[in-house]
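Worksheet: one structure, shown below.
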Amino acid sequence: SSGINAEWPLRPGSASSTAPLSPQYSSLPGAASECQLAFIVPPEDEDWKEDSLREVQMLTQTKLVMTVVGKSGTADLVSLSSNGTDIATHLLSNGLVEFEKQRNRNKFGPLMSSYEAAMTEAKKNRRNRFQYGDFTQDDAKEFGYSK
């Protein structure tokens, strides 16, 4: 016996058209977990959000490689690559997002250096959100600006 108690034939919309889930399947661990790009600060401006999301959608149409680099609350902090291109570095070098520097440079040194170089390149070349200068969200706090 399969352990499923249902009357046959099942009638769509009737209470008996759904069978109870077998206990062997109701106790499986979750297969998905919350993830976010490590140390990336999403843009606050709606236009930059749309541009960033469009770029991510374009880059994630192929096989992805994900590396968990840390944890923030319940979310895994990840590095995500598509065809050898680190997505966060790509977004940073195109001036679409910013990154949050981490205190523990020993642990995240290579990743932080890569992110810093990419954002410096975007600022230098005045790409997207840096088109009018190298104004960042950190600068806004420093100079008393808030929305």
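Here's how to read the names in the structure tokens: chain A, B, ... by the order shown, residue numbers from 1 in each chain, ligand numbers from 1 in the order shown.
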
Legend entry - helix (DSSP H, G or I) residues, from DSSP on the backbone, in region 5-135 of chain A, as a PyMOL selection string: chain A and resi 15-17+23-26+46-59+87-93+105-124+128-130

Next, dump the selected residues to file, keeping only C-alpha atoms, as a short mmCIF file (atom, residue, chain, number, x, y, z; two decimals), in the first residue's frame.
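Saved to result.cif:
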```cif
data_model
loop_
_atom_site.label_atom_id
_atom_site.label_comp_id
_atom_site.auth_asym_id
_atom_site.auth_seq_id
_atom_site.Cartn_x
_atom_site.Cartn_y
_atom_site.Cartn_z
CA ALA A 15 -11.80 17.77 -1.39
CA SER A 16 -10.76 14.26 -2.35
CA SER A 17 -8.85 15.46 -5.42
CA PRO A 23 5.67 11.32 5.30
CA GLN A 24 8.84 10.25 3.46
CA TYR A 25 8.56 13.43 1.35
CA SER A 26 7.29 15.88 3.96
CA GLU A 46 15.04 53.25 -9.54
CA ASP A 47 16.66 53.85 -12.96
CA TRP A 48 19.97 52.32 -11.82
CA LYS A 49 18.10 49.40 -10.22
CA GLU A 50 16.42 48.65 -13.55
CA ASP A 51 19.71 48.91 -15.45
CA SER A 52 21.45 46.66 -12.91
CA LEU A 53 18.71 44.05 -13.01
CA ARG A 54 18.66 44.07 -16.81
CA GLU A 55 22.43 43.49 -16.84
CA VAL A 56 22.16 40.64 -14.30
CA GLN A 57 19.38 39.01 -16.34
CA MET A 58 21.54 39.22 -19.46
CA LEU A 59 24.53 37.66 -17.67
CA ILE A 87 28.95 39.20 -12.17
CA ALA A 88 29.64 41.60 -9.28
CA THR A 89 32.93 42.74 -10.82
CA HIS A 90 31.15 43.30 -14.15
CA LEU A 91 28.42 45.37 -12.49
CA LEU A 92 31.00 47.38 -10.54
CA SER A 93 33.23 48.09 -13.55
CA ARG A 105 40.66 42.23 4.40
CA ASN A 106 42.78 39.16 5.24
CA LYS A 107 39.82 36.88 4.66
CA PHE A 108 38.34 38.72 1.67
CA GLY A 109 41.46 40.48 0.33
CA PRO A 110 41.52 39.21 -3.27
CA LEU A 111 37.77 39.73 -3.70
CA MET A 112 37.90 43.23 -2.14
CA SER A 113 40.89 44.19 -4.31
CA SER A 114 39.07 43.04 -7.44
CA TYR A 115 35.91 44.92 -6.49
CA GLU A 116 37.82 48.07 -5.56
CA ALA A 117 39.73 48.07 -8.88
CA ALA A 118 36.50 47.56 -10.82
CA MET A 119 34.71 50.43 -9.07
CA THR A 120 37.76 52.70 -9.44
CA GLU A 121 37.72 51.97 -13.19
CA ALA A 122 34.01 52.89 -13.38
CA LYS A 123 34.63 56.15 -11.51
CA LYS A 124 37.67 57.05 -13.62
CA ASN A 128 26.69 55.08 -15.55
CA ARG A 129 26.07 56.18 -11.94
CA PHE A 130 29.49 57.89 -11.86
#
```

Legend entry - Between CA of Leu96 (chain A) and CA of Ser81 (chain A), distance in Å (one decimal): 16.8 Å

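Taking CA of Cys35 (chain A) and CA of Gly70 (chain A) as endpoints, the distance between them is 10.1 Å.
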
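Between Lys101 (chain A) and the residues A:Pro29, A:Ala38, A:Leu64, A:Ser82, the shortest atom-to-atom distance, using only C-alpha atoms, involves A:Ala38.
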
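Nearest residue to Asn83 (chain A) among A:Thr62, A:Gln131, A:Gln36, A:Asn125 is A:Thr62, counting only C-alpha atoms.
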